[in-house]
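Data from protein_16.txt: compact mmCIF, C-alpha atoms
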# COMPACT_ATOMS: atom_id res chain seq x y z
CA MET F 134 -48.28 -127.44 -17.76
CA PRO F 135 -49.58 -129.02 -21.00
CA ASP F 136 -50.61 -132.65 -20.75
CA GLY F 137 -50.93 -135.62 -23.07
CA TYR F 138 -48.16 -137.28 -25.05
CA PHE F 139 -47.05 -134.23 -27.04
CA GLY F 140 -47.64 -131.89 -24.11
CA SER F 141 -45.17 -133.73 -21.90
CA TYR F 142 -42.56 -133.70 -24.66
CA LEU F 143 -43.27 -130.00 -25.28
CA THR F 144 -42.23 -129.41 -21.67
CA LEU F 145 -39.05 -131.36 -22.30
CA ALA F 146 -38.37 -129.44 -25.54
CA ILE F 147 -38.86 -126.05 -23.86
CA TYR F 148 -36.59 -127.10 -21.00
CA SER F 149 -33.89 -128.33 -23.42
CA LEU F 150 -34.05 -125.14 -25.48
CA ALA F 151 -33.75 -123.06 -22.31
CA MET F 152 -30.71 -125.05 -21.21
CA ILE F 153 -29.07 -124.80 -24.63
CA GLY F 154 -29.76 -121.07 -24.62
CA LEU F 155 -28.31 -120.69 -21.13
CA VAL F 156 -25.10 -122.59 -21.87
CA GLY F 157 -24.70 -121.14 -25.36
CA GLY F 158 -25.46 -117.64 -24.11
CA THR F 159 -22.95 -117.67 -21.30
CA LEU F 160 -20.23 -119.28 -23.43
CA GLY F 161 -20.95 -116.85 -26.28
CA LEU F 162 -20.83 -113.90 -23.89
CA ASN F 163 -17.52 -115.21 -22.58
CA ARG F 164 -16.20 -115.38 -26.12
CA LEU F 165 -17.42 -111.86 -26.88
CA VAL F 166 -16.03 -110.01 -23.89
CA SER F 167 -12.83 -111.95 -23.07
CA PRO F 168 -9.51 -110.53 -24.30
CA LYS F 169 -7.58 -112.76 -26.72
CA VAL F 170 -3.79 -112.86 -26.68
CA PRO F 171 -2.87 -116.14 -28.38
CA GLY F 172 0.65 -117.45 -28.10
CA LYS F 173 2.44 -120.61 -29.16
CA GLU F 174 2.53 -122.04 -25.63
CA LYS F 175 -1.10 -121.17 -25.01
CA MET F 176 -2.35 -122.80 -28.17
CA THR F 177 -0.87 -126.24 -27.43
CA THR F 178 -3.27 -129.02 -26.50
CA TYR F 179 -4.04 -129.19 -22.80
CA GLU F 180 -2.96 -132.55 -21.48
CA SER F 181 -3.24 -132.15 -17.71
CA GLY F 182 -0.17 -129.97 -17.56
CA VAL F 183 2.13 -132.42 -19.36
CA ASP F 184 3.60 -131.45 -22.72
CA PRO F 185 1.74 -133.32 -25.47
CA ILE F 186 3.86 -135.88 -27.32
CA GLY F 187 3.26 -137.04 -30.86
CA SER F 188 0.24 -136.33 -32.99
CA GLY F 189 -3.32 -136.25 -31.75
CA GLN F 190 -4.13 -139.17 -34.02
CA SER F 191 -2.32 -141.91 -32.15
CA GLN F 192 -3.40 -145.49 -32.44
CA THR F 193 -5.25 -146.96 -29.48
CA THR F 194 -5.01 -150.59 -28.47
CA ILE F 195 -7.54 -153.18 -29.47
CA ARG F 196 -8.64 -153.69 -25.85
CA TYR F 197 -10.71 -150.52 -26.01
CA TYR F 198 -12.59 -152.03 -28.92
CA MET F 199 -13.28 -155.18 -26.89
CA PHE F 200 -14.82 -153.19 -24.07
CA ALA F 201 -16.85 -151.07 -26.48
CA LEU F 202 -18.11 -154.25 -28.12
CA LEU F 203 -19.14 -155.81 -24.82
CA PHE F 204 -20.83 -152.52 -23.93
CA VAL F 205 -22.86 -152.50 -27.16
CA ILE F 206 -24.00 -156.11 -26.79
CA PHE F 207 -25.07 -155.74 -23.18
CA ASP F 208 -26.65 -152.37 -23.94
CA VAL F 209 -28.96 -154.17 -26.35
CA GLU F 210 -29.72 -156.69 -23.62
CA ALA F 211 -30.51 -153.90 -21.15
CA VAL F 212 -32.84 -152.24 -23.62
CA PHE F 213 -35.01 -155.34 -23.73
CA LEU F 214 -35.18 -155.35 -19.95
CA PHE F 215 -37.19 -152.10 -19.86
CA PRO F 216 -40.41 -153.28 -21.57
CA TRP F 217 -40.01 -156.58 -19.73
CA ALA F 218 -40.02 -154.78 -16.38
CA VAL F 219 -43.12 -152.79 -17.41
CA VAL F 220 -45.23 -155.83 -18.35
CA PHE F 221 -43.74 -158.26 -15.84
CA GLU F 222 -46.67 -158.26 -13.43
CA GLU F 223 -49.26 -158.80 -16.15
CA ILE F 224 -47.61 -161.79 -17.77
CA GLY F 225 -46.00 -163.32 -14.69
CA VAL F 226 -43.95 -166.52 -14.65
CA PHE F 227 -43.87 -166.89 -18.41
CA ALA F 228 -42.12 -163.53 -18.86
CA PHE F 229 -39.71 -164.42 -16.07
CA VAL F 230 -38.70 -167.68 -17.77
CA GLU F 231 -38.33 -165.93 -21.13
CA MET F 232 -36.02 -163.29 -19.76
CA MET F 233 -33.99 -165.83 -17.77
CA ILE F 234 -33.33 -167.80 -20.97
CA PHE F 235 -32.36 -164.56 -22.73
CA VAL F 236 -29.97 -163.50 -19.99
CA ALA F 237 -28.53 -167.01 -19.65
CA ILE F 238 -27.69 -167.21 -23.34
CA LEU F 239 -25.94 -163.86 -23.21
CA ALA F 240 -24.16 -164.87 -20.00
CA LEU F 241 -22.53 -167.62 -22.06
CA GLY F 242 -21.04 -164.87 -24.21
CA LEU F 243 -19.71 -163.08 -21.15
CA LEU F 244 -18.23 -166.38 -19.97
CA TYR F 245 -16.54 -166.83 -23.34
CA ALA F 246 -15.11 -163.32 -23.20
CA TRP F 247 -13.90 -163.98 -19.65
CA ARG F 248 -12.20 -167.24 -20.64
CA LYS F 249 -10.53 -165.52 -23.60
CA LYS F 250 -9.13 -162.99 -21.09
CA VAL F 251 -10.89 -160.07 -22.75
CA LEU F 252 -11.89 -158.77 -19.34
CA ASP F 253 -8.31 -158.62 -18.03
CA TRP F 254 -6.47 -155.33 -18.37
CA ILE F 255 -2.87 -156.32 -18.78
CA MET Z 254 -48.99 -136.10 -40.40
CA PRO Z 255 -48.96 -137.00 -44.12
CA LEU Z 256 -47.34 -140.34 -44.82
CA ASN Z 257 -45.79 -138.90 -48.00
CA TRP Z 258 -43.39 -136.62 -46.19
CA VAL Z 259 -41.92 -139.39 -44.08
CA LEU Z 260 -41.59 -141.68 -47.08
CA VAL Z 261 -39.67 -139.08 -49.06
CA LEU Z 262 -37.33 -138.53 -46.11
CA THR Z 263 -36.67 -142.26 -45.76
CA THR Z 264 -36.07 -142.61 -49.50
CA PHE Z 265 -33.64 -139.71 -49.40
CA LEU Z 266 -31.70 -141.12 -46.44
CA PHE Z 267 -31.61 -144.56 -48.03
CA CYS Z 268 -30.20 -143.10 -51.26
CA VAL Z 269 -27.58 -141.15 -49.32
CA GLY Z 270 -26.60 -144.43 -47.69
CA VAL Z 271 -26.38 -146.11 -51.10
CA TYR Z 272 -24.15 -143.31 -52.33
CA GLY Z 273 -21.92 -143.65 -49.27
CA VAL Z 274 -21.56 -147.41 -49.68
CA LEU Z 275 -20.71 -147.11 -53.36
CA ALA Z 276 -18.51 -144.04 -53.33
CA ARG Z 277 -16.52 -144.06 -50.12
CA ARG Z 278 -13.22 -145.79 -49.78
CA ASN Z 279 -12.85 -146.08 -46.01
CA ALA Z 280 -14.53 -149.23 -44.70
CA VAL Z 281 -15.65 -147.54 -41.47
CA ILE Z 282 -17.52 -144.85 -43.42
CA VAL Z 283 -19.15 -147.59 -45.46
CA LEU Z 284 -20.38 -149.15 -42.20
CA MET Z 285 -21.75 -145.76 -41.12
CA SER Z 286 -23.63 -145.49 -44.42
CA ILE Z 287 -25.14 -148.91 -43.80
CA GLU Z 288 -26.33 -147.66 -40.41
CA ILE Z 289 -28.05 -144.73 -42.14
CA MET Z 290 -29.79 -147.11 -44.52
CA LEU Z 291 -30.96 -149.32 -41.65
CA ASN Z 292 -32.27 -146.26 -39.86
CA ALA Z 293 -34.24 -145.20 -42.91
CA VAL Z 294 -35.80 -148.67 -42.93
CA ASN Z 295 -36.70 -148.29 -39.26
CA LEU Z 296 -38.40 -144.99 -39.93
CA ASN Z 297 -40.35 -146.63 -42.74
CA LEU Z 298 -41.51 -149.43 -40.45
CA ILE Z 299 -42.66 -146.96 -37.81
CA ALA Z 300 -44.40 -144.69 -40.33
CA PHE Z 301 -46.38 -147.56 -41.83
CA ASN Z 302 -47.18 -148.85 -38.36
CA GLY Z 303 -48.80 -145.50 -37.63
CA ALA Z 304 -50.51 -145.24 -41.01
CA LEU Z 305 -52.14 -148.66 -41.08
CA GLU Z 306 -55.33 -149.34 -39.19
CA GLY Z 307 -55.28 -151.32 -35.98
CA ASP Z 308 -53.80 -151.03 -32.55
CA ARG Z 309 -50.97 -153.52 -32.73
CA LEU Z 310 -47.39 -152.30 -32.74
CA ILE Z 311 -45.78 -154.87 -35.00
CA GLY Z 312 -43.86 -152.25 -36.99
CA GLN Z 313 -42.27 -150.86 -33.85
CA VAL Z 314 -41.36 -154.34 -32.60
CA PHE Z 315 -39.68 -154.95 -35.95
CA ALA Z 316 -37.82 -151.67 -35.64
CA LEU Z 317 -36.54 -152.76 -32.21
CA PHE Z 318 -35.28 -156.04 -33.61
CA VAL Z 319 -33.66 -154.22 -36.52
CA ILE Z 320 -31.81 -151.95 -34.08
CA ALA Z 321 -30.58 -154.95 -32.08
CA ILE Z 322 -29.43 -156.74 -35.22
CA ALA Z 323 -27.74 -153.59 -36.54
CA ALA Z 324 -25.70 -153.36 -33.33
CA ALA Z 325 -24.60 -156.99 -33.69
CA GLU Z 326 -23.80 -156.50 -37.37
CA LEU Z 327 -21.69 -153.45 -36.63
CA GLY Z 328 -19.71 -155.29 -33.95
CA VAL Z 329 -18.78 -158.11 -36.30
CA GLY Z 330 -18.26 -155.78 -39.27
CA LEU Z 331 -15.83 -153.57 -37.38
CA ALA Z 332 -14.00 -156.64 -36.08
CA ILE Z 333 -13.51 -157.79 -39.68
CA VAL Z 334 -12.27 -154.31 -40.66
CA LEU Z 335 -9.80 -154.36 -37.75
CA LEU Z 336 -8.59 -157.82 -38.79
CA ILE Z 337 -8.01 -156.61 -42.36
CA TYR Z 338 -6.19 -153.56 -41.03
CA ARG Z 339 -3.98 -155.71 -38.84
CA ASN Z 340 -3.02 -157.97 -41.73
CA SER Z 341 -2.61 -155.47 -44.54
CA PHE Z 342 -2.44 -152.03 -42.81
CA THR Z 343 -5.22 -150.57 -44.90
CA VAL Z 344 -8.94 -150.03 -44.63
CA SER Z 345 -9.23 -148.73 -48.16
CA LEU Z 346 -11.71 -150.84 -50.04
CA ASP Z 347 -9.85 -150.32 -53.30
CA GLU Z 348 -6.82 -152.10 -51.94
CA VAL Z 349 -8.54 -154.96 -50.15
CA ASN Z 350 -8.64 -157.78 -52.67
CA LEU Z 351 -8.32 -160.89 -50.53
CA LEU Z 352 -11.20 -162.65 -52.22
CA LYS Z 353 -10.28 -161.72 -55.78
CA TRP Z 354 -8.08 -163.73 -58.02
CA MET C 181 -47.01 -127.78 -35.36
CA GLN C 182 -45.85 -131.38 -35.62
CA GLY C 183 -45.48 -130.94 -39.37
CA LEU C 184 -43.28 -127.88 -38.93
CA ILE C 185 -41.02 -129.63 -36.41
CA PHE C 186 -40.86 -132.62 -38.74
CA LEU C 187 -39.74 -130.48 -41.68
CA VAL C 188 -37.03 -128.72 -39.66
CA VAL C 189 -35.67 -131.93 -38.15
CA ALA C 190 -35.87 -133.80 -41.46
CA ALA C 191 -33.92 -131.05 -43.24
CA THR C 192 -31.23 -131.07 -40.53
CA SER C 193 -31.03 -134.84 -40.55
CA GLY C 194 -30.83 -135.10 -44.32
CA PHE C 195 -28.20 -132.38 -44.52
CA ALA C 196 -26.08 -134.13 -41.88
CA ALA C 197 -26.40 -137.42 -43.80
CA VAL C 198 -25.20 -135.76 -47.00
CA ARG C 199 -22.28 -134.18 -45.16
CA LEU C 200 -21.44 -137.59 -43.69
CA VAL C 201 -20.84 -139.12 -47.10
CA THR C 202 -19.17 -136.10 -48.66
CA ASN C 203 -16.85 -134.52 -46.11
CA LYS C 204 -13.13 -135.11 -45.85
CA ASN C 205 -12.63 -135.65 -42.14
CA LEU C 206 -13.49 -139.09 -40.79
CA VAL C 207 -14.10 -137.98 -37.20
CA HIS C 208 -16.45 -135.29 -38.46
CA ALA C 209 -18.29 -137.99 -40.37
CA ALA C 210 -18.92 -139.82 -37.09
CA LEU C 211 -20.20 -136.58 -35.52
CA TYR C 212 -22.51 -135.96 -38.48
CA LEU C 213 -23.81 -139.49 -37.93
CA VAL C 214 -24.71 -138.45 -34.37
CA VAL C 215 -26.71 -135.50 -35.75
CA THR C 216 -28.53 -137.74 -38.24
CA LEU C 217 -29.37 -140.36 -35.62
CA MET C 218 -30.58 -137.79 -33.10
CA GLY C 219 -32.78 -136.26 -35.79
CA MET C 220 -34.22 -139.68 -36.51
CA ALA C 221 -34.89 -140.17 -32.80
CA ILE C 222 -36.82 -136.88 -32.69
CA ILE C 223 -38.86 -137.99 -35.71
CA PHE C 224 -39.61 -141.31 -33.97
CA LEU C 225 -40.86 -139.29 -31.01
CA LEU C 226 -43.03 -137.20 -33.33
CA LEU C 227 -44.55 -140.37 -34.78
CA THR C 228 -45.40 -141.44 -31.19
CA ALA C 229 -42.94 -144.33 -31.27
CA GLU C 230 -41.68 -143.28 -27.88
CA PHE C 231 -39.84 -146.40 -26.79
CA VAL C 232 -38.09 -146.93 -30.12
CA ALA C 233 -36.90 -143.33 -30.03
CA TRP C 234 -35.22 -143.77 -26.65
CA VAL C 235 -33.78 -147.11 -27.71
CA GLN C 236 -32.32 -145.29 -30.69
CA VAL C 237 -30.70 -142.76 -28.35
CA LEU C 238 -29.42 -145.46 -25.98
CA ILE C 239 -28.05 -147.91 -28.52
CA TYR C 240 -27.08 -145.80 -31.51
CA VAL C 241 -26.03 -142.49 -30.03
CA GLY C 242 -24.78 -144.05 -26.80
CA ALA C 243 -23.04 -147.21 -27.87
CA VAL C 244 -22.70 -147.62 -31.63
CA ILE C 245 -21.04 -144.22 -32.06
CA VAL C 246 -18.46 -145.15 -29.42
CA LEU C 247 -17.77 -148.37 -31.29
CA LEU C 248 -17.39 -146.51 -34.59
CA LEU C 249 -15.07 -143.92 -33.06
CA PHE C 250 -12.88 -146.68 -31.64
CA GLY C 251 -12.93 -148.27 -35.08
CA LEU C 252 -11.66 -145.01 -36.57
CA MET C 253 -8.97 -144.60 -33.92
CA LEU C 254 -7.79 -148.20 -34.23
CA THR C 255 -7.40 -148.14 -37.99
CA ARG C 256 -5.44 -144.89 -37.86
CA ALA C 257 -7.53 -143.48 -40.65
CA GLN C 258 -5.91 -140.66 -42.55
CA ILE C 259 -7.52 -137.39 -41.64
CA GLY C 260 -7.37 -134.46 -43.98
CA LYS C 261 -7.76 -133.96 -47.65
CA THR C 262 -6.84 -137.45 -48.72
CA ALA C 263 -8.70 -138.99 -51.60
CA LEU C 264 -11.52 -140.65 -49.72
CA ASP C 265 -13.54 -141.77 -52.70
CA ARG C 266 -13.20 -144.99 -54.60
CA GLN C 267 -12.52 -145.40 -58.27
CA GLN C 268 -16.14 -146.26 -58.87
CA ARG C 269 -17.33 -142.94 -57.48
CA TRP C 270 -18.64 -141.77 -60.85
CA VAL C 271 -21.19 -144.57 -60.81
CA ALA C 272 -22.36 -143.94 -57.25
CA GLY C 273 -23.86 -140.50 -57.78
CA PRO C 274 -26.04 -141.48 -60.77
CA VAL C 275 -27.16 -144.70 -59.05
CA ALA C 276 -28.27 -142.84 -55.92
CA LEU C 277 -29.91 -140.04 -57.93
CA VAL C 278 -31.80 -142.43 -60.20
CA LEU C 279 -32.92 -144.52 -57.23
CA PHE C 280 -34.26 -141.44 -55.50
CA GLY C 281 -35.71 -139.96 -58.68
CA VAL C 282 -37.65 -143.12 -59.42
CA THR C 283 -38.71 -144.21 -55.94
CA ALA C 284 -39.67 -140.91 -54.32
CA PRO C 285 -42.29 -139.73 -56.90
CA VAL C 286 -43.84 -143.19 -57.04
CA LEU C 287 -44.17 -143.36 -53.26
CA TRP C 288 -45.35 -139.75 -53.13
CA ARG C 289 -48.20 -140.35 -55.53
CA PHE C 290 -49.17 -143.81 -54.38
CA PHE C 291 -49.52 -142.85 -50.71
CA ASP C 292 -50.96 -139.41 -51.37
CA GLY C 293 -53.65 -138.57 -48.84
CA ARG C 294 -52.70 -141.23 -46.29
CA THR C 295 -51.93 -139.86 -42.86
CA ILE C 296 -50.14 -141.20 -39.79
CA SER C 297 -52.38 -141.03 -36.75
CA LEU C 298 -50.77 -139.08 -33.95
CA ASP C 299 -53.53 -139.22 -31.33
CA ARG C 300 -51.95 -140.81 -28.32
CA GLN C 301 -52.36 -139.90 -24.70
CA SER C 302 -49.36 -141.65 -23.18
CA GLY C 303 -46.31 -143.68 -24.10
CA ASN C 304 -46.48 -147.10 -25.64
CA THR C 305 -43.85 -149.04 -23.73
CA GLU C 306 -46.43 -151.26 -22.07
CA ALA C 307 -48.17 -152.18 -25.34
CA LEU C 308 -44.79 -152.85 -26.90
CA GLY C 309 -43.75 -155.06 -23.99
CA THR C 310 -46.96 -157.06 -24.19
CA GLU C 311 -46.42 -157.50 -27.92
CA ILE C 312 -42.83 -158.69 -27.56
CA PHE C 313 -43.31 -160.97 -24.58
CA THR C 314 -46.53 -162.66 -25.69
CA LYS C 315 -46.49 -162.69 -29.50
CA PHE C 316 -42.82 -162.39 -30.43
CA VAL C 317 -41.34 -164.86 -27.95
CA LEU C 318 -39.30 -166.91 -30.39
CA PRO C 319 -37.82 -163.93 -32.28
CA PHE C 320 -36.88 -162.43 -28.92
CA GLU C 321 -34.97 -165.54 -27.89
CA VAL C 322 -33.37 -165.78 -31.31
CA VAL C 323 -32.09 -162.23 -30.86
CA SER C 324 -30.17 -163.41 -27.82
CA VAL C 325 -28.61 -166.23 -29.83
CA LEU C 326 -27.71 -163.73 -32.55
CA LEU C 327 -26.12 -161.39 -30.02
CA LEU C 328 -24.18 -164.33 -28.56
CA ALA C 329 -22.94 -165.28 -32.02
CA ALA C 330 -21.95 -161.69 -32.76
CA LEU C 331 -20.13 -161.36 -29.43
CA VAL C 332 -18.22 -164.62 -29.81
CA GLY C 333 -17.45 -163.91 -33.46
CA ALA C 334 -16.22 -160.39 -32.90
CA VAL C 335 -14.10 -161.40 -29.89
CA PHE C 336 -12.62 -164.28 -31.87
CA LEU C 337 -11.81 -162.03 -34.85
CA ALA C 338 -10.42 -159.08 -32.97
CA LYS C 339 -8.55 -160.89 -30.21
CA LYS C 340 -4.82 -160.77 -30.65
CA ASP C 341 -3.39 -164.17 -29.84
Please re-express this file's structure in structure tokens.
Amino acid sequence: MPDGYFGSYLTLAIYSLAMIGLVGGTLGLNRLVSPKVPGKEKMTTYESGVDPIGSGQSQTTIRYYMFALLFVIFDVEAVFLFPWAVVFEEIGVFAFVEMMIFVAILALGLLYAWRKKVLDWI
Amino acid sequence: MPLNWVLVLTTFLFCVGVYGVLARRNAVIVLMSIEIMLNAVNLNLIAFNGALEGDRLIGQVFALFVIAIAAAELGVGLAIVLLIYRNSFTVSLDEVNLLKW
Amino acid sequence: MQGLIFLVVAATSGFAAVRLVTNKNLVHAALYLVVTLMGMAIIFLLLTAEFVAWVQVLIYVGAVIVLLLFGLMLTRAQIGKTALDRQQRWVAGPVALVLFGVTAPVLWRFFDGRTISLDRQSGNTEALGTEIFTKFVLPFEVVSVLLLAALVGAVFLAKKD
């Protein structure tokens, strides 16, 4: 087991390559040895057993965008929580107050979204 | 690692982003090109942070802030694109001329 | 070893970026963006910017791509061989080429011989946290105000009343 910064990531890289090789190898083998008899029915898109209606490029509603947006914003917030948690004990109360202000300001945004009924799924 | 190599890569990615912003018609692709340009800037900040003397990580802190700001920018930018699409049913930048007269 | 990995990843990343701005299918463009951003994350890891690399994976590959894909699906972008380029396309290629042709040699020669130090025994999350939470306090709080403004603005713009 190699150590150090690059050593630990070398382990991760070897592991990832092995996994990619395993999945790719089995799927490739499947593709090589399986018989292929394509038909019109077989080539339709699988939609949980229901016949697909319309084109694959249908328009989604704007609510999905709202949730994706909230996800992005609070993902950024969560990312800043990681280094905060690492140095929390060293810095102490000051770091706690900082992060509480940060979270409180973003909570206002969540409150706004709630009041605008973005969180409701009608 | 030589600093040169990284700088040429960042320049290349930035120029690809410039090409995308200037040449593409779809507003969403233009936003993607802007993300590539911002990423090239991040790589530059990190490369110089490693190349300069000293132990502080100011370049990486800047890169973090740039990532956060890019996420916010993309949220608002896409909202504007969606608003334009809702009003004029197009995201083609050649046809959007609301601010021209 | 690091140099070799860098060259391979940089070539992949640059190729994916070029395909992003030249291909005809918009969803493929988003997937090429994933390849470019993952390549950048690997290069961040190589330059020992460990935390930034994982932030890149979390925010860009995890969240921003989802947002962009929803943007594509909501605007019902035409997929296929539609004319995706603008009328000013003829100016874009020369501008990008000249920019690269001027900037890259200058940077190459000016920073010739400088190296990025890669000697690091462990990750840097702790140093980064200390930096942010003791020296960059005000920018950190301003980021939250910026995110709040972006959230309120985007909700206000996109909300159908």
Practice item. Compile the contact shell of Val294 of chain Z as a PyMOL selection string: residues with an atom at most 12 Å away, counting all atoms listed in the file, same-chain residues fewer than 3 positions apart removed. Key: (chain Z and resi 259-260+262-268+270+287-291+297-301+312-313+315-320+323) or (chain C and resi 220)
Those same residues - C-alpha atoms - I'd like them written as an mmCIF file, in the coordinates of the input.
data_model
loop_
_atom_site.group_PDB
_atom_site.id
_atom_site.type_symbol
_atom_site.label_atom_id
_atom_site.label_comp_id
_atom_site.auth_asym_id
_atom_site.auth_seq_id
_atom_site.Cartn_x
_atom_site.Cartn_y
_atom_site.Cartn_z
ATOM 1 C CA VAL Z 259 -41.920 -139.390 -44.080
ATOM 2 C CA LEU Z 260 -41.590 -141.680 -47.080
ATOM 3 C CA LEU Z 262 -37.330 -138.530 -46.110
ATOM 4 C CA THR Z 263 -36.670 -142.260 -45.760
ATOM 5 C CA THR Z 264 -36.070 -142.610 -49.500
ATOM 6 C CA PHE Z 265 -33.640 -139.710 -49.400
ATOM 7 C CA LEU Z 266 -31.700 -141.120 -46.440
ATOM 8 C CA PHE Z 267 -31.610 -144.560 -48.030
ATOM 9 C CA CYS Z 268 -30.200 -143.100 -51.260
ATOM 10 C CA GLY Z 270 -26.600 -144.430 -47.690
ATOM 11 C CA ILE Z 287 -25.140 -148.910 -43.800
ATOM 12 C CA GLU Z 288 -26.330 -147.660 -40.410
ATOM 13 C CA ILE Z 289 -28.050 -144.730 -42.140
ATOM 14 C CA MET Z 290 -29.790 -147.110 -44.520
ATOM 15 C CA LEU Z 291 -30.960 -149.320 -41.650
ATOM 16 C CA ASN Z 297 -40.350 -146.630 -42.740
ATOM 17 C CA LEU Z 298 -41.510 -149.430 -40.450
ATOM 18 C CA ILE Z 299 -42.660 -146.960 -37.810
ATOM 19 C CA ALA Z 300 -44.400 -144.690 -40.330
ATOM 20 C CA PHE Z 301 -46.380 -147.560 -41.830
ATOM 21 C CA GLY Z 312 -43.860 -152.250 -36.990
ATOM 22 C CA GLN Z 313 -42.270 -150.860 -33.850
ATOM 23 C CA PHE Z 315 -39.680 -154.950 -35.950
ATOM 24 C CA ALA Z 316 -37.820 -151.670 -35.640
ATOM 25 C CA LEU Z 317 -36.540 -152.760 -32.210
ATOM 26 C CA PHE Z 318 -35.280 -156.040 -33.610
ATOM 27 C CA VAL Z 319 -33.660 -154.220 -36.520
ATOM 28 C CA ILE Z 320 -31.810 -151.950 -34.080
ATOM 29 C CA ALA Z 323 -27.740 -153.590 -36.540
ATOM 30 C CA MET C 220 -34.220 -139.680 -36.510
#
Point to revise | chain F contacts on chain Z, all atoms listed in the file, 12 Å, as a ChimeraX atom specification | key: /Z:314,317-332,334-336,338-339
Put those residues in a file: C-alpha atoms, as a CSV table (one decimal), in the coordinates of the input.
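Once written, out38.csv looks like this:
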chain,number,residue,atom,x,y,z
Z,314,VAL,CA,-41.4,-154.3,-32.6
Z,317,LEU,CA,-36.5,-152.8,-32.2
Z,318,PHE,CA,-35.3,-156.0,-33.6
Z,319,VAL,CA,-33.7,-154.2,-36.5
Z,320,ILE,CA,-31.8,-152.0,-34.1
Z,321,ALA,CA,-30.6,-155.0,-32.1
Z,322,ILE,CA,-29.4,-156.7,-35.2
Z,323,ALA,CA,-27.7,-153.6,-36.5
Z,324,ALA,CA,-25.7,-153.4,-33.3
Z,325,ALA,CA,-24.6,-157.0,-33.7
Z,326,GLU,CA,-23.8,-156.5,-37.4
Z,327,LEU,CA,-21.7,-153.4,-36.6
Z,328,GLY,CA,-19.7,-155.3,-34.0
Z,329,VAL,CA,-18.8,-158.1,-36.3
Z,330,GLY,CA,-18.3,-155.8,-39.3
Z,331,LEU,CA,-15.8,-153.6,-37.4
Z,332,ALA,CA,-14.0,-156.6,-36.1
Z,334,VAL,CA,-12.3,-154.3,-40.7
Z,335,LEU,CA,-9.8,-154.4,-37.8
Z,336,LEU,CA,-8.6,-157.8,-38.8
Z,338,TYR,CA,-6.2,-153.6,-41.0
Z,339,ARG,CA,-4.0,-155.7,-38.8
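Shortest atom-to-atom contact with Val261 of chain Z among C:Ala276, C:Val286, C:Ala243, C:Ala210: C:Val286, counting only C-alpha atoms.
Among the candidates C:Phe250, C:Trp270, C:Phe313, C:Phe336, the residue lying nearest to Leu206 of chain C is C:Phe250 (atoms considered: only C-alpha atoms).
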Exercise for review: Pull out every residue of chain F sitting within 9 Å of chain C, counting only C-alpha atoms, and send them as a ChimeraX atom specification.
Suggested key: /F:136-139,142,190-199,201-210,212-213,215-221,223-224,227-228,231-232,234-236,238-243,245-246,249,251
Review point. Which distance in Å separates atom CA of Ala221 of chain C and atom CA of Ile185 of chain C, to one decimal?
Key: 12.7 Å
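With distances taken over all atoms listed in the file, C:Ile222 is the one residue among C:Val237, C:Val271, C:Leu217, C:Ile222 lying closest to Leu145 of chain F.
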Check your understanding: So what do you get for atom CA of Val241 of chain C versus atom CA of Ile223 of chain C, distance-wise?
Key -> 14.7 Å
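Taking atom CA of Leu162 of chain F as the reference point, atom CA of Ser149 of chain F is found at 19.5 Å.
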Starting from 3 Å padding per side, set up an axis-aligned box that covers all listed atoms of segment 193-212 of chain C and hand over centre and edge lengths in Å, one decimal, as JSON.
{"center_x": -21.8, "center_y": -136.1, "center_z": -42.1, "size_x": 24.4, "size_y": 13.4, "size_z": 19.1}
